[in-house]
Amino acid sequence: MAWFKKKEQPAISKKVKVPEGLWVKCNSCKEIIYRKEVDKNLRICPKCNYHFRISAKERIVLLVDENSFEPMGQNLVSKDPLNFRDQIPYKDRLTESRKKTNNRDAVISGHALIGGHKVVLVVLDFDFMGGSMGSVVGEKFVMAAEKAAEEELPFISVSSSGGARMHEGIVSLMQMAKTSASIARLQQKSMPYISILADPTFGGVSASFAMLGDVIIAEPRSLIGFAGPRVIEQTIKQQLPENFQTAEFLLQHGMIDIIVNRKELKQTIIKLLSLTTGDRLSS
């Protein structure tokens, strides 16, 4: 009969479990993007061209010819001269970073081929204690620069760092002079030094070897500077210009030479090597 109506059952919402790490949020446009789509696009946001940070090993795969990288200085490890401790001991921080990155320290260096050109390459890894420059980073950089000078090879560095590693005190600050001096010796051999700045490049790294390149390249929207904008504003008591410390701002003010999309970085380096080394390919 009409007055006997079947009660509608409330809809039961089923929770769908989404696997962790399936999506990634862009730091620039804030879009939620399928991670595989970002990875396929060389870790670049397909919506706004924001360049996500990549590890040193990913960077090497991106830049060098396949199976051509030969590492150097792999056995060097950082010491703890100050028995430094903040929330946790410095030794424990090193152990955590080694497990996280599977690297001994915040730098990978070695010989490689790029477009058939023999080069010496140094790459900092921001995932290892913010790519900070301690004694090992400085030593491996100098070893690589001196090897480039000795063998008369182009030298390339990729920087992504928060600056000097203050856990090692004055030893870390000494690396600024040490690395800069190695670049001066390389220039005496008239070998090109190409410095690539990735997001972020700050502190003692930007104040030393990162800004000493014969050609300085930056990835789009990379943050580059010495102190952070908040510290600067508090010091000078003035509001900073829009886009201050971005690669685009530095290019506009003559601090870097060129901004290159990650997809075009290898080909740009090959062109520079051809121009600066007389198109000499490896035998």
# chains A, B, ... in the order shown; residues from 1 in each chain; ligands from 1
call {"tool": "select_by_dssp", "arguments": {"residues": "range 189-262 of chain A", "states": "alpha helix (DSSP H)", "output": "ChimeraX atom specification"}}
result
/A:203-206,229-236,247-252
call {"tool": "write_last_selection", "arguments": {"atoms": "N, CA and C atoms", "output": "short mmCIF file (atom, residue, chain, number, x, y, z; two decimals), in the first residue's frame"}}
result
data_model
loop_
_atom_site.label_atom_id
_atom_site.label_comp_id
_atom_site.auth_asym_id
_atom_site.auth_seq_id
_atom_site.Cartn_x
_atom_site.Cartn_y
_atom_site.Cartn_z
N GLY A 203 74.92 30.90 1.80
CA GLY A 203 75.98 30.89 2.80
C GLY A 203 77.38 30.80 2.22
N GLY A 204 78.22 30.02 2.89
CA GLY A 204 79.62 29.92 2.53
C GLY A 204 79.87 29.31 1.17
N VAL A 205 78.92 28.55 0.65
CA VAL A 205 79.07 27.99 -0.70
C VAL A 205 78.89 29.07 -1.75
N SER A 206 77.82 29.88 -1.60
CA SER A 206 77.61 30.97 -2.55
C SER A 206 78.69 32.04 -2.41
N PRO A 229 66.40 36.11 3.42
CA PRO A 229 65.73 37.41 3.32
C PRO A 229 65.25 37.96 4.66
N ARG A 230 64.80 37.08 5.56
CA ARG A 230 64.33 37.55 6.86
C ARG A 230 65.46 38.19 7.66
N VAL A 231 66.64 37.58 7.62
CA VAL A 231 67.80 38.14 8.33
C VAL A 231 68.18 39.48 7.74
N ILE A 232 68.14 39.58 6.42
CA ILE A 232 68.52 40.84 5.76
C ILE A 232 67.53 41.95 6.11
N GLU A 233 66.24 41.64 6.07
CA GLU A 233 65.23 42.64 6.40
C GLU A 233 65.37 43.13 7.83
N GLN A 234 65.66 42.21 8.74
CA GLN A 234 65.84 42.60 10.14
C GLN A 234 67.08 43.46 10.33
N THR A 235 68.09 43.25 9.48
CA THR A 235 69.34 44.00 9.59
C THR A 235 69.22 45.40 9.00
N ILE A 236 68.66 45.50 7.80
CA ILE A 236 68.62 46.80 7.13
C ILE A 236 67.33 47.57 7.41
N ALA A 247 66.84 33.31 -9.02
CA ALA A 247 67.75 33.29 -10.16
C ALA A 247 67.42 34.41 -11.14
N GLU A 248 66.12 34.67 -11.33
CA GLU A 248 65.69 35.71 -12.27
C GLU A 248 66.16 37.10 -11.81
N PHE A 249 66.10 37.34 -10.50
CA PHE A 249 66.55 38.63 -9.94
C PHE A 249 68.06 38.78 -10.12
N LEU A 250 68.80 37.70 -9.87
CA LEU A 250 70.26 37.76 -10.01
C LEU A 250 70.68 37.94 -11.46
N LEU A 251 69.96 37.31 -12.39
CA LEU A 251 70.27 37.48 -13.81
C LEU A 251 70.06 38.94 -14.22
N GLN A 252 68.97 39.52 -13.75
CA GLN A 252 68.64 40.90 -14.07
C GLN A 252 69.72 41.87 -13.58
#
call {"tool": "residues_around", "arguments": {"residues": "range 78-81 of chain A", "least_positions_apart": "4", "cutoff": "7 Å", "atoms": "only C-alpha atoms", "output": "list in words"}}
result
Tyr90, Lys91, Ser135, Val136 and Glu168 of chain A
call {"tool": "write_last_selection", "arguments": {"atoms": "C-alpha atoms", "output": "mmCIF file, in the first residue's frame"}}
result
data_model
loop_
_atom_site.group_PDB
_atom_site.id
_atom_site.type_symbol
_atom_site.label_atom_id
_atom_site.label_comp_id
_atom_site.auth_asym_id
_atom_site.auth_seq_id
_atom_site.Cartn_x
_atom_site.Cartn_y
_atom_site.Cartn_z
ATOM 1 C CA TYR A 90 76.916 15.641 15.256
ATOM 2 C CA LYS A 91 78.086 12.038 14.875
ATOM 3 C CA SER A 135 85.986 19.442 5.720
ATOM 4 C CA VAL A 136 85.125 16.516 3.432
ATOM 5 C CA GLU A 168 82.823 21.751 12.414
#
call {"tool": "atom_distance", "arguments": {"atom1": "CA of Pro192 in chain A", "atom2": "CA of Gly138 in chain A"}}
result
19.6 Å
call {"tool": "select_by_dssp", "arguments": {"residues": "range 17-259 of chain A", "states": "strand (DSSP E or B)", "output": "PyMOL selection string"}}
result
chain A and resi 23-25+32-34+44+51+70-71+85+89+107-114+117-124+133+155-161+164+193-201+215-218+223-224+246+258-259
call {"tool": "closest_residue", "arguments": {"among": "A:Met72, A:Leu197, A:Leu113, A:Val119", "to": "Leu265 in chain A", "atoms": "only C-alpha atoms"}}
result
A:Leu197
call {"tool": "closest_residue", "arguments": {"among": "A:Lys237, A:Lys271, A:Lys263, A:Lys99", "to": "Arg59 in chain A", "atoms": "only C-alpha atoms"}}
result
A:Lys263
call {"tool": "closest_residue", "arguments": {"among": "A:Met143, A:Ser222, A:Leu273, A:Ser161", "to": "Ile194 in chain A", "atoms": "only C-alpha atoms"}}
result
A:Leu273
call {"tool": "residues_around", "arguments": {"residues": "Ile258 in chain A", "least_positions_apart": "4", "cutoff": "9 Å", "atoms": "only C-alpha atoms", "output": "tab-separated table (two decimals) with N, CA and C atoms, in the first residue's frame"}}
result
chain	number	residue	atom	x	y	z
A	215	VAL	N	81.53	30.58	-16.28
A	215	VAL	CA	80.12	30.68	-16.67
A	215	VAL	C	79.29	30.21	-15.49
A	216	ILE	N	78.33	31.02	-15.06
A	216	ILE	CA	77.46	30.66	-13.94
A	216	ILE	C	76.05	30.46	-14.46
A	217	ILE	N	75.56	29.23	-14.30
A	217	ILE	CA	74.23	28.84	-14.76
A	217	ILE	C	73.34	28.61	-13.55
A	218	ALA	N	72.07	28.97	-13.64
A	218	ALA	CA	71.12	28.69	-12.57
A	218	ALA	C	69.87	28.05	-13.15
A	219	GLU	N	69.25	27.18	-12.37
A	219	GLU	CA	67.95	26.64	-12.75
A	219	GLU	C	66.86	27.67	-12.44
A	247	ALA	N	66.84	33.31	-9.02
A	247	ALA	CA	67.75	33.29	-10.16
A	247	ALA	C	67.42	34.41	-11.14
A	251	LEU	N	69.96	37.31	-12.39
A	251	LEU	CA	70.27	37.48	-13.81
A	251	LEU	C	70.06	38.94	-14.22
call {"tool": "residues_around", "arguments": {"residues": "Ser157 in chain A", "least_positions_apart": "2", "cutoff": "8 Å", "atoms": "only C-alpha atoms", "output": "short mmCIF file (atom, residue, chain, number, x, y, z; two decimals) with C-alpha atoms, in the first residue's frame"}}
result
data_model
loop_
_atom_site.label_atom_id
_atom_site.label_comp_id
_atom_site.auth_asym_id
_atom_site.auth_seq_id
_atom_site.Cartn_x
_atom_site.Cartn_y
_atom_site.Cartn_z
CA LEU A 121 82.39 16.96 -11.93
CA VAL A 122 81.44 17.89 -8.35
CA VAL A 123 77.81 17.70 -7.18
CA PHE A 155 85.64 21.52 -14.31
CA SER A 159 75.71 23.58 -5.92
CA TYR A 193 85.01 26.24 -14.79
CA ILE A 194 81.23 25.99 -15.18
CA SER A 195 79.24 26.58 -11.98
CA ILE A 196 75.61 25.41 -11.86
CA ALA A 210 79.69 28.67 -6.44
#
call {"tool": "closest_residue", "arguments": {"among": "A:Gly134, A:Pro46, A:Gly110, A:Gly21", "to": "Glu146 in chain A", "atoms": "only C-alpha atoms"}}
result
A:Gly110
call {"tool": "atom_distance", "arguments": {"atom1": "CA of Ala149 in chain A", "atom2": "CA of Leu186 in chain A"}}
result
5.0 Å
call {"tool": "residues_around", "arguments": {"residues": "Glu150 in chain A", "least_positions_apart": "3", "cutoff": "10 Å", "atoms": "only C-alpha atoms", "output": "list of chain:residue names"}}
result
A:Ala144, A:Ala145, A:Glu146, A:Lys147, A:Leu153, A:Arg185, A:Leu186, A:Lys189
call {"tool": "write_last_selection", "arguments": {"atoms": "N, CA and C atoms", "output": "PDB file, in the first residue's frame"}}
result
ATOM      1  N   ALA A 144      89.128  17.441  -6.767  1.00  0.00           N
ATOM      2  CA  ALA A 144      88.573  17.419  -8.118  1.00  0.00           C
ATOM      3  C   ALA A 144      89.120  18.574  -8.951  1.00  0.00           C
ATOM      4  N   ALA A 145      89.174  19.772  -8.354  1.00  0.00           N
ATOM      5  CA  ALA A 145      89.675  20.942  -9.082  1.00  0.00           C
ATOM      6  C   ALA A 145      91.148  20.758  -9.453  1.00  0.00           C
ATOM      7  N   GLU A 146      91.952  20.208  -8.536  1.00  0.00           N
ATOM      8  CA  GLU A 146      93.367  19.987  -8.826  1.00  0.00           C
ATOM      9  C   GLU A 146      93.554  18.897  -9.876  1.00  0.00           C
ATOM     10  N   LYS A 147      92.688  17.888  -9.858  1.00  0.00           N
ATOM     11  CA  LYS A 147      92.744  16.847 -10.880  1.00  0.00           C
ATOM     12  C   LYS A 147      92.404  17.432 -12.253  1.00  0.00           C
ATOM     13  N   LEU A 153      91.455  19.448 -17.858  1.00  0.00           N
ATOM     14  CA  LEU A 153      90.077  19.100 -18.195  1.00  0.00           C
ATOM     15  C   LEU A 153      89.134  20.194 -17.704  1.00  0.00           C
ATOM     16  N   ARG A 185      93.941  28.304  -9.050  1.00  0.00           N
ATOM     17  CA  ARG A 185      94.988  27.472  -9.676  1.00  0.00           C
ATOM     18  C   ARG A 185      94.492  26.866 -10.983  1.00  0.00           C
ATOM     19  N   LEU A 186      93.214  26.491 -11.016  1.00  0.00           N
ATOM     20  CA  LEU A 186      92.626  25.942 -12.244  1.00  0.00           C
ATOM     21  C   LEU A 186      92.634  26.986 -13.356  1.00  0.00           C
ATOM     22  N   LYS A 189      95.630  27.401 -15.556  1.00  0.00           N
ATOM     23  CA  LYS A 189      95.752  26.417 -16.630  1.00  0.00           C
ATOM     24  C   LYS A 189      94.826  26.741 -17.804  1.00  0.00           C
TER      25      LYS A 189
END
call {"tool": "atom_distance", "arguments": {"atom1": "CA of Phe126 in chain A", "atom2": "CA of Asp105 in chain A"}}
result
10.4 Å
call {"tool": "closest_residue", "arguments": {"among": "A:Ile269, A:Cys48, A:Val142, A:Ala148", "to": "Leu62 in chain A", "atoms": "only C-alpha atoms"}}
result
A:Ile269
call {"tool": "residues_around", "arguments": {"residues": "Val107 in chain A", "least_positions_apart": "3", "cutoff": "6 Å", "atoms": "only C-alpha atoms", "output": "PyMOL selection string"}}
result
chain A and resi 123-125+137
call {"tool": "write_last_selection", "arguments": {"atoms": "N, CA and C atoms", "output": "PDB file, in the first residue's frame"}}
result
ATOM      1  N   VAL A 123      79.240  17.450  -7.394  1.00  0.00           N
ATOM      2  CA  VAL A 123      77.808  17.697  -7.178  1.00  0.00           C
ATOM      3  C   VAL A 123      77.503  17.641  -5.686  1.00  0.00           C
ATOM      4  N   LEU A 124      76.890  18.690  -5.155  1.00  0.00           N
ATOM      5  CA  LEU A 124      76.458  18.712  -3.757  1.00  0.00           C
ATOM      6  C   LEU A 124      75.056  18.110  -3.637  1.00  0.00           C
ATOM      7  N   ASP A 125      74.799  17.485  -2.507  1.00  0.00           N
ATOM      8  CA  ASP A 125      73.510  16.834  -2.259  1.00  0.00           C
ATOM      9  C   ASP A 125      72.821  17.505  -1.074  1.00  0.00           C
ATOM     10  N   VAL A 137      83.606  17.967   2.184  1.00  0.00           N
ATOM     11  CA  VAL A 137      83.135  18.644   0.977  1.00  0.00           C
ATOM     12  C   VAL A 137      84.243  19.517   0.396  1.00  0.00           C
TER      13      VAL A 137
END
